[in-house]
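K.L.:
Could you have a look at this structure, given as structure tokens, before my questions?
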Amino acid sequence: MPPDRTGTVGLFATCLMNAMRPNIGFAAARLLEDAGWRVEVPREQTCCGQPAYNGGDEDAARALARRTIAQFEAFDALVAPSGSCLATLKHDYPRLLRDDPLWAGRAQALADKSWELLTFLHERVGPEHIRSRFPHRVTYHDSCSGLRQLGIREAPRALLARVEGLQLVEAEEREVCCGFGGTFSVKYPTLSERLAENKVQRLLATRAEVVLGGDLGCLLHLAGRLSRICAPVRVYHTVEVLAGLADGPGIGQA
């Protein structure tokens, strides 16, 4: 699809972004508006329902799905800075509401115009709008939801290639889970910690100064592990670097 620079985007402010890293939302808005899109953030939006769905409470997940659909269906596109939330919107909403005659079509219509942020920037905005500078050695973490459910692999790397001074170094076993997995890290903390340690050691082996990614849950998980071992590595959401807003403390830092 050729770059399209008209229309209004509804920015889905994920729970983690809203509570832990609003800078991601500011970065997203800056890039989208600089490219000519109008950005709106519905004030009454809530959780996408993924925790409830993963925990088996499908009634709660359906209620949150209907609320999200009602909040965002009027926009030309919904954009979310999270592969996990976006996978819920695109894949789980149509399944959850497929037997509801009032909501099944609306769920599919929203799914069809919902985009993960980095993919939207690459395919609908165009990488030529990236004009930031970040003279650091970085490595990129592929989240499971983004990679496996949405097929996000090339878009973040193509965007980062436009950042002046940035050197991207790929880690070994880059597609292996970091151990977060939402409720997985709560149910299986020992296994989650082991996966995080294995991932961190692969990232440190690149000698990168910065770890980037597209899912804040994974990035908080990795930042926490890096902090506990006192590793001098900063962690940012990729969009913060793309927008030139990665000049402050990294994720998980004071």
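Each chain of the structure tokens is named A, B, ... in the order shown, its residues numbered from 1; ligands are numbered from 1 in display order.
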Extract, using only C-alpha atoms, all DNA, RNA and protein residues at most 7 Å from segment 59-68 of chain A, discarding same-chain residues fewer than 5 positions from it, and format them as a ChimeraX atom specification.

P.N.:
/A:45,47-50,52-53,93,96-97

K.L.:
When distances are computed from only C-alpha atoms, which of A:Thr88, A:Thr6, A:Ser132, A:Thr139 shows the smallest separation from Leu212 of chain A?

P.N.:
A:Thr139

K.L.:
At a cut-off of 9 Å, can you tabulate as a Markdown table every residue of segment 180-253 of chain A near segment 118-130 of chain A together with its closest atom pair and the distance in Å to one decimal, using only C-alpha atoms and ordering rows by chain then number?

P.N.:
```
| residue | atom | partner | partner_atom | distance |
| --- | --- | --- | --- | --- |
| A:Gly214 | CA | A:Leu118 | CA | 7.5 |
| A:Thr238 | CA | A:Leu118 | CA | 8.2 |
| A:Val239 | CA | A:Leu118 | CA | 7.4 |
| A:Leu242 | CA | A:Ile130 | CA | 6.2 |
| A:Ala243 | CA | A:Ile130 | CA | 7.3 |
```

K.L.:
If we count only C-alpha atoms and set the cut-off at 10 Å, which residues sit around Val210 of chain A, ignoring sequence neighbours fewer than 3 positions away in its own chain? Please answer as a list in words.

P.N.:
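Result of the neighbour search: His136, Arg137, Val138, Thr139, Tyr140, Leu168, Leu203, Leu204, Arg207, Pro232, Val233, Arg234, Val235, Tyr236 and Gly250 of chain A.
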
K.L.:
Check the smallest atom-to-atom distance from each of A:Ala109, A:Leu191, A:Gly83, A:Leu159 to Val241 of chain A using only C-alpha atoms, then report the winner.

P.N.:
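Looking at the shortest contact to Val241 of chain A, the residue is A:Leu159.
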